[in-house]
>>> print(open('final-v4.cif').read())   # mmCIF, C-alpha atoms
data_structure
loop_
_atom_site.label_atom_id
_atom_site.label_comp_id
_atom_site.auth_asym_id
_atom_site.auth_seq_id
_atom_site.Cartn_x
_atom_site.Cartn_y
_atom_site.Cartn_z
CA MET A 1 10.98 -8.31 -54.41
CA LYS A 2 13.53 -6.25 -52.56
CA LEU A 3 17.04 -6.00 -53.92
CA ASN A 4 19.86 -6.01 -51.45
CA THR A 5 21.51 -2.76 -52.51
CA ASN A 6 24.51 -3.46 -50.35
CA SER A 7 25.57 -6.75 -51.84
CA ASN A 8 28.82 -6.88 -53.75
CA VAL A 9 27.19 -8.10 -56.95
CA TYR A 10 24.64 -5.29 -56.91
CA THR A 11 27.31 -2.67 -56.26
CA PHE A 12 29.47 -3.99 -59.06
CA VAL A 13 26.66 -4.17 -61.61
CA TYR A 14 25.32 -0.78 -60.56
CA MET A 15 28.64 0.99 -61.00
CA THR A 16 29.25 -0.70 -64.35
CA ILE A 17 25.89 0.46 -65.67
CA VAL A 18 26.33 4.00 -64.35
CA VAL A 19 29.76 4.33 -65.88
CA ILE A 20 28.64 2.94 -69.25
CA ILE A 21 25.69 5.36 -69.40
CA VAL A 22 27.92 8.32 -68.55
CA ALA A 23 30.60 7.28 -71.03
CA VAL A 24 28.10 6.95 -73.88
CA LEU A 25 26.54 10.30 -73.02
CA LEU A 26 29.87 12.12 -72.94
CA ALA A 27 31.09 10.48 -76.13
CA LEU A 28 27.92 11.59 -77.93
CA ALA A 29 28.19 15.14 -76.61
CA ASN A 30 31.83 15.31 -77.63
CA GLN A 31 31.05 14.09 -81.14
CA ALA A 32 28.20 16.56 -81.52
CA LEU A 33 30.16 19.59 -80.32
CA LYS A 34 33.56 18.80 -81.87
CA PRO A 35 33.09 20.72 -85.14
CA ARG A 36 32.11 23.90 -83.31
CA GLN A 37 34.99 23.55 -80.85
CA ASP A 38 37.51 23.03 -83.63
CA ALA A 39 36.13 26.07 -85.42
CA ASN A 40 36.58 28.11 -82.25
CA ILE A 41 40.16 26.92 -81.75
CA LEU A 42 41.00 27.77 -85.36
CA LEU A 43 39.37 31.19 -85.09
CA ASP A 44 41.27 31.90 -81.88
CA LYS A 45 44.54 31.03 -83.60
CA GLN A 46 43.70 33.24 -86.57
CA LYS A 47 42.89 36.14 -84.28
CA GLN A 48 46.21 35.71 -82.53
CA ILE A 49 48.09 35.67 -85.83
CA LEU A 50 46.27 38.84 -86.88
CA GLY A 51 47.26 40.31 -83.50
CA ALA A 52 50.92 39.57 -84.21
CA LEU A 53 50.52 41.23 -87.61
CA LYS A 54 48.95 44.25 -85.87
CA VAL A 55 45.87 44.03 -88.04
CA ASP A 56 42.72 45.58 -86.64
CA PHE A 57 39.88 43.12 -87.14
CA SER A 58 37.33 44.65 -84.78
CA GLN A 59 35.23 45.96 -87.67
CA ALA A 60 35.35 42.86 -89.84
CA ASP A 61 35.05 39.11 -89.75
CA PRO A 62 38.44 37.91 -88.41
CA ALA A 63 38.39 34.72 -90.45
CA GLU A 64 37.80 36.64 -93.67
CA VAL A 65 40.56 39.14 -92.88
CA TYR A 66 42.85 36.24 -92.08
CA TYR A 67 42.25 34.42 -95.35
CA THR A 68 42.82 37.54 -97.45
CA LEU A 69 46.15 38.21 -95.71
CA VAL A 70 47.60 34.79 -95.00
CA GLN A 71 47.71 32.78 -98.16
CA ASP A 72 50.61 30.44 -97.74
CA THR A 73 52.03 28.12 -95.13
CA LEU A 74 55.62 26.89 -95.22
CA LYS A 75 56.15 23.55 -93.56
CA TYR A 76 59.40 22.39 -92.00
CA GLU A 77 60.45 19.35 -90.03
CA ASN A 78 59.12 20.57 -86.69
CA ALA A 79 57.96 24.03 -87.52
CA GLU A 80 55.36 25.86 -89.51
CA VAL A 81 55.58 29.38 -90.88
CA TYR A 82 52.62 31.44 -92.08
CA VAL A 83 53.30 33.82 -94.92
CA ALA A 84 51.19 36.97 -94.85
CA ASN A 85 50.91 39.65 -97.46
CA LEU A 86 50.38 42.99 -95.75
CA ASN A 87 49.71 45.63 -98.43
CA GLY A 88 52.40 44.14 -100.62
CA ALA A 89 54.96 43.54 -97.87
CA ILE A 90 55.72 39.94 -97.00
CA LYS A 91 55.61 39.07 -93.30
CA TYR A 92 56.43 35.70 -91.80
CA VAL A 93 54.49 34.57 -88.76
CA LEU A 94 56.19 32.00 -86.53
CA PRO A 95 54.13 30.14 -83.93
CA LEU A 96 55.94 29.78 -80.59
CA SER A 97 55.38 27.67 -77.51
CA GLY A 98 57.17 27.42 -74.20
CA LYS A 99 56.73 27.31 -70.45
CA GLY A 100 55.74 30.07 -68.05
CA LEU A 101 55.41 29.94 -64.28
CA TRP A 102 52.16 28.01 -63.85
CA GLY A 103 51.62 26.53 -67.26
CA GLY A 104 52.33 26.78 -70.93
CA ILE A 105 52.88 30.04 -72.75
CA GLY A 106 52.83 30.56 -76.47
CA GLY A 107 52.68 33.20 -79.09
CA TYR A 108 53.19 34.32 -82.64
CA LEU A 109 56.17 36.28 -83.90
CA ALA A 110 55.80 38.29 -87.10
CA LEU A 111 59.06 38.93 -88.95
CA ASP A 112 59.78 41.25 -91.82
CA GLU A 113 60.89 39.83 -95.14
CA ASP A 114 64.56 40.11 -94.12
CA LYS A 115 63.88 37.38 -91.51
CA ASN A 116 65.59 39.61 -88.99
CA THR A 117 63.44 42.57 -87.94
CA ILE A 118 60.49 41.85 -85.67
CA TYR A 119 57.31 43.34 -87.07
CA GLY A 120 55.04 42.40 -84.18
CA VAL A 121 54.42 39.75 -81.53
CA ASN A 122 51.46 38.29 -79.78
CA PHE A 123 51.66 36.17 -76.66
CA ASN A 124 49.17 33.93 -74.94
CA HIS A 125 49.31 31.92 -71.75
CA GLU A 126 47.34 29.23 -69.99
CA SER A 127 47.43 30.34 -66.38
CA GLU A 128 49.98 33.03 -65.61
CA THR A 129 49.27 35.28 -62.61
CA PRO A 130 46.77 38.02 -63.47
CA GLY A 131 48.34 41.44 -63.13
CA LEU A 132 51.87 40.02 -63.23
CA GLY A 133 52.85 37.28 -65.68
CA ALA A 134 49.59 37.64 -67.56
CA LYS A 135 50.80 41.06 -68.67
CA ILE A 136 52.78 39.40 -71.46
CA VAL A 137 49.61 39.53 -73.55
CA ASP A 138 49.29 43.30 -73.08
CA MET A 139 50.48 45.87 -75.56
CA PRO A 140 53.10 47.69 -73.43
CA PHE A 141 55.14 44.49 -73.16
CA ARG A 142 54.52 43.31 -76.71
CA ALA A 143 55.24 46.70 -78.28
CA GLN A 144 58.81 46.60 -76.98
CA PHE A 145 59.64 43.83 -79.44
CA GLU A 146 58.72 45.81 -82.52
CA GLY A 147 61.72 46.75 -84.62
CA LYS A 148 64.14 44.57 -82.63
CA HIS A 149 66.47 42.28 -84.54
CA ILE A 150 66.79 38.57 -83.93
CA ARG A 151 70.25 38.39 -85.53
CA ASN A 152 73.53 39.83 -84.33
CA ALA A 153 75.87 41.95 -86.44
CA GLU A 154 77.37 38.81 -88.04
CA GLY A 155 73.94 37.68 -89.19
CA GLN A 156 73.67 34.76 -86.77
CA VAL A 157 70.28 34.06 -85.21
CA VAL A 158 70.58 34.96 -81.50
CA SER A 159 66.97 35.81 -80.59
CA VAL A 160 65.95 38.70 -78.34
CA ALA A 161 66.51 38.59 -74.60
CA VAL A 162 63.91 39.56 -72.01
CA LEU A 163 65.90 41.10 -69.17
CA LYS A 164 65.42 43.06 -65.99
CA ALA A 165 65.74 46.78 -66.67
CA GLY A 166 69.33 47.84 -66.09
CA THR A 167 71.03 44.59 -67.12
CA ARG A 168 72.68 44.30 -70.51
CA ALA A 169 72.57 41.36 -72.86
CA GLU A 170 75.79 40.26 -74.54
CA GLY A 171 75.62 40.18 -78.32
CA GLN A 172 71.85 40.33 -78.70
CA GLU A 173 69.07 42.87 -78.49
CA GLN A 174 66.85 42.99 -75.45
CA VAL A 175 63.52 44.13 -74.06
CA ASP A 176 62.52 44.89 -70.47
CA ALA A 177 61.08 42.10 -68.35
CA ILE A 178 57.88 42.55 -66.37
CA SER A 179 58.75 43.46 -62.80
CA GLY A 180 57.37 40.95 -60.35
CA ALA A 181 57.05 38.30 -63.04
CA THR A 182 60.61 37.08 -63.39
CA ILE A 183 59.82 33.47 -64.20
CA THR A 184 57.24 34.31 -66.86
CA SER A 185 59.62 36.84 -68.41
CA THR A 186 62.44 34.33 -68.42
CA GLY A 187 59.99 31.86 -69.94
CA VAL A 188 59.31 34.23 -72.82
CA SER A 189 63.03 34.75 -73.30
CA THR A 190 63.74 31.01 -73.29
CA MET A 191 60.82 30.30 -75.58
CA LEU A 192 62.03 32.84 -78.14
CA ASN A 193 65.58 31.57 -77.94
CA GLU A 194 64.74 27.89 -78.25
CA GLU A 195 62.20 28.33 -80.99
CA LEU A 196 64.30 30.69 -83.11
CA VAL A 197 67.71 29.13 -82.60
CA ASN A 198 66.57 25.51 -82.76
CA ASN A 199 63.20 24.97 -84.40
CA TYR A 200 63.20 27.71 -87.00
CA VAL A 201 66.86 27.49 -87.92
CA GLU A 202 66.04 25.84 -91.24
CA PHE A 203 63.52 28.53 -92.20
CA LEU A 204 65.66 31.42 -91.00
CA ASN A 205 68.80 30.28 -92.78
CA GLU A 206 67.04 29.53 -96.06
CA LYS A 207 68.43 32.06 -98.50
CA GLU A 208 65.62 32.28 -101.04
CA VAL A 209 62.01 31.38 -100.58
CA GLU A 210 60.72 29.97 -103.85
CA ASP A 211 57.59 31.96 -104.39
CA VAL A 212 57.48 31.25 -108.09
CA GLU A 213 53.89 30.07 -107.94
CA SER A 214 52.63 33.23 -106.37
CA GLU A 215 54.11 35.29 -109.17
CA ASP A 216 51.49 34.39 -111.74
CA MET B 1 2.50 30.14 -53.51
CA LEU B 2 5.34 28.07 -52.13
CA SER B 3 5.14 26.50 -48.72
CA GLN B 4 7.42 27.84 -45.99
CA LYS B 5 9.69 24.80 -46.21
CA THR B 6 10.26 25.02 -49.96
CA LYS B 7 10.77 28.74 -49.62
CA ASP B 8 13.48 28.13 -47.04
CA THR B 9 15.04 25.51 -49.28
CA LEU B 10 15.24 27.89 -52.21
CA LEU B 11 15.92 31.23 -50.54
CA GLY B 12 17.79 30.21 -47.39
CA PRO B 13 21.11 29.69 -49.20
CA LEU B 14 20.85 33.13 -50.79
CA ASN B 15 21.23 34.86 -47.46
CA ALA B 16 20.92 33.26 -44.02
CA ASN B 17 22.59 30.00 -45.02
CA ASN B 18 24.80 31.20 -47.86
CA PRO B 19 27.26 28.49 -48.91
CA VAL B 20 30.18 30.89 -49.34
CA VAL B 21 29.87 33.43 -46.56
CA VAL B 22 28.21 31.26 -43.91
CA GLN B 23 29.35 27.74 -44.67
CA ILE B 24 32.68 28.98 -46.15
CA LEU B 25 32.54 26.52 -49.03
CA GLY B 26 33.82 26.99 -52.57
CA ILE B 27 36.26 29.73 -51.55
CA CYS B 28 39.07 28.52 -53.81
CA SER B 29 37.21 29.07 -57.06
CA ALA B 30 35.68 32.27 -55.69
CA LEU B 31 39.20 33.67 -55.43
CA ALA B 32 40.32 32.50 -58.83
CA VAL B 33 37.56 33.53 -61.22
CA THR B 34 36.55 36.91 -59.80
CA VAL B 35 39.09 39.17 -61.49
CA GLN B 36 36.44 40.09 -64.04
CA LEU B 37 32.67 40.06 -63.94
CA LYS B 38 32.04 37.97 -67.04
CA PRO B 39 33.87 34.78 -66.02
CA ALA B 40 32.40 35.14 -62.52
CA LEU B 41 28.90 35.28 -63.99
CA VAL B 42 29.52 32.28 -66.21
CA MET B 43 31.08 30.37 -63.33
CA GLY B 44 28.08 31.20 -61.12
CA ILE B 45 25.63 30.05 -63.78
CA ALA B 46 27.66 26.90 -64.48
CA VAL B 47 27.79 25.96 -60.80
CA THR B 48 24.07 26.68 -60.37
CA ILE B 49 23.15 24.45 -63.30
CA ILE B 50 25.47 21.70 -62.18
CA VAL B 51 24.37 21.73 -58.52
CA ALA B 52 20.71 21.78 -59.49
CA MET B 53 20.99 19.01 -62.07
CA SER B 54 23.24 16.76 -60.03
CA ASN B 55 20.93 17.26 -57.03
CA VAL B 56 17.95 16.14 -59.12
CA ILE B 57 19.74 13.16 -60.63
CA VAL B 58 21.16 11.95 -57.33
CA SER B 59 17.81 12.48 -55.66
CA LEU B 60 16.04 10.43 -58.32
CA ILE B 61 18.40 7.50 -58.01
CA ARG B 62 19.05 7.87 -54.26
CA ASN B 63 17.17 4.68 -53.34
CA THR B 64 19.12 2.55 -55.79
CA ILE B 65 22.59 3.80 -54.84
CA PRO B 66 24.62 1.23 -52.90
CA MET B 67 25.56 2.99 -49.65
CA ARG B 68 29.18 1.93 -49.71
CA VAL B 69 29.92 3.59 -53.05
CA ARG B 70 27.54 6.53 -52.82
CA ILE B 71 30.27 9.17 -52.92
CA ILE B 72 31.68 7.59 -56.05
CA VAL B 73 28.25 7.56 -57.71
CA GLN B 74 27.79 11.22 -56.77
CA LEU B 75 31.20 12.05 -58.18
CA VAL B 76 30.46 10.26 -61.45
CA VAL B 77 27.23 12.22 -61.84
CA VAL B 78 28.94 15.54 -61.07
CA ALA B 79 31.94 14.78 -63.26
CA ALA B 80 29.70 13.90 -66.20
CA LEU B 81 27.75 17.14 -65.84
CA VAL B 82 30.88 19.24 -65.45
CA THR B 83 32.40 17.70 -68.56
CA LEU B 84 29.19 18.37 -70.48
CA VAL B 85 29.07 22.00 -69.38
CA SER B 86 32.73 22.54 -70.23
CA GLU B 87 32.25 21.00 -73.70
CA VAL B 88 29.24 23.23 -74.32
CA LEU B 89 31.15 26.31 -73.20
CA LYS B 90 34.09 25.42 -75.44
CA ALA B 91 31.67 25.21 -78.35
CA PHE B 92 29.60 28.31 -77.68
CA ALA B 93 31.65 30.64 -75.45
CA TYR B 94 35.25 29.77 -76.23
CA ASP B 95 36.91 32.84 -74.74
CA VAL B 96 35.08 32.43 -71.44
CA ALA B 97 35.95 28.73 -71.33
CA MET B 98 39.60 29.69 -71.81
CA GLN B 99 39.39 32.28 -69.03
CA LEU B 100 37.86 29.82 -66.60
CA SER B 101 40.40 27.21 -67.75
CA VAL B 102 41.01 24.63 -65.04
CA TYR B 103 38.47 26.09 -62.62
CA LEU B 104 35.65 24.82 -64.79
CA GLY B 105 36.92 21.28 -64.38
CA LEU B 106 37.52 21.91 -60.71
CA ILE B 107 33.79 22.45 -60.14
CA ILE B 108 33.88 18.68 -59.60
CA THR B 109 35.78 19.25 -56.39
CA ASN B 110 33.71 22.26 -55.30
CA CYS B 111 32.66 21.46 -51.75
CA ILE B 112 29.25 23.02 -52.31
CA LEU B 113 28.35 20.23 -54.70
CA MET B 114 29.46 17.34 -52.55
CA GLY B 115 27.93 19.02 -49.52
CA ARG B 116 24.51 19.45 -51.10
CA LEU B 117 24.48 15.97 -52.57
CA GLU B 118 25.44 14.29 -49.30
CA ALA B 119 23.39 16.52 -47.01
CA PHE B 120 20.29 17.13 -49.08
CA ALA B 121 19.80 15.16 -52.29
CA MET B 122 20.43 11.78 -50.66
CA THR B 123 17.47 12.24 -48.32
CA ASN B 124 15.00 14.52 -50.15
CA ASN B 125 12.77 14.24 -53.19
CA ALA B 126 13.69 15.55 -56.61
CA TRP B 127 11.64 18.78 -56.52
CA ASP B 128 13.07 19.92 -53.20
CA SER B 129 16.53 18.95 -54.36
CA LEU B 130 16.13 21.06 -57.48
CA LEU B 131 15.18 24.08 -55.37
CA ASP B 132 18.01 23.41 -52.95
CA GLY B 133 20.49 23.16 -55.83
CA LEU B 134 19.24 26.36 -57.45
CA GLY B 135 19.32 28.19 -54.13
CA ASN B 136 22.85 27.12 -53.28
CA GLY B 137 24.14 27.73 -56.79
CA LEU B 138 22.68 31.22 -56.82
CA GLY B 139 23.96 31.89 -53.31
CA TYR B 140 27.44 31.05 -54.60
CA ALA B 141 26.92 33.11 -57.76
CA ILE B 142 25.82 36.21 -55.82
CA ILE B 143 29.02 36.30 -53.81
CA LEU B 144 31.12 35.74 -56.92
CA VAL B 145 29.36 38.59 -58.70
CA ILE B 146 29.74 40.98 -55.75
CA VAL B 147 33.44 40.25 -55.43
CA ALA B 148 34.03 40.36 -59.19
CA PHE B 149 32.12 43.64 -59.49
CA VAL B 150 34.41 45.35 -56.99
CA ARG B 151 37.57 43.76 -58.37
CA GLU B 152 36.91 44.60 -62.00
CA LEU B 153 35.71 48.12 -61.22
CA LEU B 154 38.64 49.06 -59.02
CA GLY B 155 41.25 46.79 -60.59
CA SER B 156 40.77 47.65 -64.26
CA GLY B 157 38.16 50.42 -64.29
CA GLN B 158 35.83 48.27 -66.34
CA LEU B 159 32.63 46.28 -65.96
CA LEU B 160 31.97 43.30 -68.24
CA GLY B 161 34.88 44.55 -70.34
CA PHE B 162 33.43 48.05 -70.91
CA GLN B 163 35.32 51.04 -69.60
CA VAL B 164 33.21 52.69 -66.89
CA ILE B 165 35.78 54.94 -65.24
CA PRO B 166 36.16 57.81 -67.71
CA GLN B 167 39.48 58.83 -69.21
CA TRP B 168 39.01 62.15 -67.43
CA CYS B 169 39.77 60.52 -64.08
CA TYR B 170 42.98 58.96 -65.38
CA ASP B 171 44.03 62.31 -66.78
CA HIS B 172 43.63 63.76 -63.30
CA GLY B 173 45.82 61.22 -61.61
CA TYR B 174 43.46 58.31 -60.84
CA GLU B 175 45.06 54.92 -61.17
CA ASN B 176 43.66 51.41 -61.28
CA CYS B 177 44.37 49.46 -58.14
CA GLY B 178 46.69 46.64 -59.18
CA MET B 179 46.20 44.94 -55.82
CA MET B 180 42.61 44.16 -56.80
CA LEU B 181 43.89 41.83 -59.50
CA MET B 182 45.71 39.64 -57.00
CA PRO B 183 43.91 36.62 -55.52
CA ALA B 184 44.70 37.89 -52.01
CA MET B 185 42.37 40.84 -52.55
CA ALA B 186 39.53 38.45 -53.39
CA LEU B 187 40.02 36.77 -50.03
CA ILE B 188 39.94 40.13 -48.27
CA LEU B 189 36.81 41.12 -50.19
CA VAL B 190 35.10 37.84 -49.32
CA GLY B 191 36.05 38.65 -45.74
CA CYS B 192 34.41 42.07 -46.06
CA VAL B 193 31.26 40.48 -47.49
CA ILE B 194 31.16 38.06 -44.55
CA TRP B 195 31.62 40.98 -42.15
CA VAL B 196 28.75 42.96 -43.65
CA HIS B 197 26.59 39.86 -43.83
CA ARG B 198 27.21 38.93 -40.19
CA SER B 199 26.55 42.39 -38.83
CA LEU B 200 23.30 42.66 -40.81
CA ASN B 201 22.05 39.23 -39.74
CA ASP B 202 22.98 39.84 -36.11
CA LYS B 203 20.71 42.87 -36.08
CA GLU B 204 17.86 40.81 -37.47
CA ALA B 205 18.38 38.17 -34.82
CA LYS B 206 18.13 40.76 -32.09
#
>>> encode(input="final-v4.cif", output="structure tokens")
Amino acid sequence: MKLNTNSNVYTFVYMTIVVIIVAVLLALANQALKPRQDANILLDKQKQILGALKVDFSQADPAEVYYTLVQDTLKYENAEVYVANLNGAIKYVLPLSGKGLWGGIGGYLALDEDKNTIYGVNFNHESETPGLGAKIVDMPFRAQFEGKHIRNAEGQVVSVAVLKAGTRAEGQEQVDAISGATITSTGVSTMLNEELVNNYVEFLNEKEVEDVESED
Amino acid sequence: MLSQKTKDTLLGPLNANNPVVVQILGICSALAVTVQLKPALVMGIAVTIIVAMSNVIVSLIRNTIPMRVRIIVQLVVVAALVTLVSEVLKAFAYDVAMQLSVYLGLIITNCILMGRLEAFAMTNNAWDSLLDGLGNGLGYAIILVIVAFVRELLGSGQLLGFQVIPQWCYDHGYENCGMMLMPAMALILVGCVIWVHRSLNDKEAK
């Protein structure tokens, strides 16, 4: 009995079977590995938040450090704020996301309790150019943000601008862009501006955070 | 131990018939993932596993594959394996998976794979195909590792993330070569590897 492997029926049945086998296999693998993957994604996020808080977790379990520091999450319409307790000082960590040159960029911005002074930042990116745009994750760029204010003298939220050295921002504080990575730098600037001025406006303009529960 | 033919199948791609420097296949990913040694190693291992396994699978089912859709069948096999490997990496080596990002998925389009499947697995038995896949995967990995070694050493003064160029050198005016981090340098380095490889093999031929 010799099958005609070139007939239309054979081809059709063959492909159907192959695709079904592959689909079942991949679905099973995905199901089996999902918990570990989710754990990794969560751990990565926690490490980044710790990075924004400038906590050194190289000697300890990052997850454990994270859970002792970050105890509360404030939820808003389209934003989430993590509340961290750093040796008695309250820091707010704001997740950010935006667009770079080749793909998405994101980050975490840690604010002091006055919701104005930047305590620390951490950036990440999907596929910025190594050696140029990818430098946003490095300390020299990130350190510039520390101590900057996201509000102007009148108390309005204006974000911080990322500008080419030598240019001046009107009515807001600024940091130096990365030379050779204009679009990524502008992306960071736009991300900060859009997130702070639009998405976090509710959180930032809230006068008092009710932390009655955490008192007792 | 191995016959001359199987030896050629396994070891040929490592040197005389290297997929990257002789056949000039898989250059794109070789440029992208060689900034550091670790992702290059993982990429090399991933490609080796995928070429070997897809070679075996395609070789086993080669007589049942309808000729008119054989490329599609090959692609389905490769795509399934690539997805599996990327899921496994995401579960067990998350940071490396993030570093390789899209290039892991793009193994599907790596010409080495399609080339080996079409040229070898479709006409040879499973054992030979396994050796051929391993040989070609390792041939690709070797070049990646050589290029990544130079780029990481000169570009960031590190190897596998550990600082190897001492602080003393930086204090005396040594600087990392930023050019090494750019993809263009990888192309030039691959060119240098090809140059060395050609001149060595020419001597042997004479």
>>> interface_residues(input="final-v4.cif", of="chain B", to="chain A", cutoff="7 Å", atoms="all atoms listed in the file", output="JSON, numbers by chain")
{"B": [64, 66, 67, 80, 84, 87, 90, 91, 94, 178, 181, 182]}
>>> closest_residue(input="final-v4.cif", among="A:Met139, A:Ile105, A:Val162, A:Leu111", to="Asn85 in chain A", atoms="all atoms listed in the file")
A:Leu111
>>> atom_distance(input="final-v4.cif", atom1="CA of Ala177 in chain A", atom2="CA of Glu128 in chain A")
14.6 Å
>>> resolve_selection(input="final-v4.cif", expression="the PyMOL selection byres ((chain A and resi 188) around 12)", output="PyMOL selection string")
chain A and resi 96-101+104-109+121-125+128+133-137+141-142+145+159-163+174-178+181-187+189-196
>>> resolve_selection(input="final-v4.cif", expression="the PyMOL selection byres ((chain B and resi 137) around 9)", output="mmCIF file with C-alpha atoms, in the frame of the given file")
data_model
loop_
_atom_site.group_PDB
_atom_site.id
_atom_site.type_symbol
_atom_site.label_atom_id
_atom_site.label_comp_id
_atom_site.auth_asym_id
_atom_site.auth_seq_id
_atom_site.Cartn_x
_atom_site.Cartn_y
_atom_site.Cartn_z
ATOM 1 C CA PRO B 13 21.110 29.690 -49.200
ATOM 2 C CA LEU B 14 20.850 33.130 -50.790
ATOM 3 C CA PRO B 19 27.260 28.490 -48.910
ATOM 4 C CA GLY B 44 28.080 31.200 -61.120
ATOM 5 C CA ILE B 45 25.630 30.050 -63.780
ATOM 6 C CA ALA B 46 27.660 26.900 -64.480
ATOM 7 C CA VAL B 47 27.790 25.960 -60.800
ATOM 8 C CA THR B 48 24.070 26.680 -60.370
ATOM 9 C CA ILE B 49 23.150 24.450 -63.300
ATOM 10 C CA ILE B 50 25.470 21.700 -62.180
ATOM 11 C CA VAL B 51 24.370 21.730 -58.520
ATOM 12 C CA ALA B 52 20.710 21.780 -59.490
ATOM 13 C CA ILE B 112 29.250 23.020 -52.310
ATOM 14 C CA LEU B 113 28.350 20.230 -54.700
ATOM 15 C CA ASP B 132 18.010 23.410 -52.950
ATOM 16 C CA GLY B 133 20.490 23.160 -55.830
ATOM 17 C CA LEU B 134 19.240 26.360 -57.450
ATOM 18 C CA GLY B 135 19.320 28.190 -54.130
ATOM 19 C CA ASN B 136 22.850 27.120 -53.280
ATOM 20 C CA LEU B 138 22.680 31.220 -56.820
ATOM 21 C CA GLY B 139 23.960 31.890 -53.310
ATOM 22 C CA TYR B 140 27.440 31.050 -54.600
ATOM 23 C CA ALA B 141 26.920 33.110 -57.760
ATOM 24 C CA ILE B 142 25.820 36.210 -55.820
#
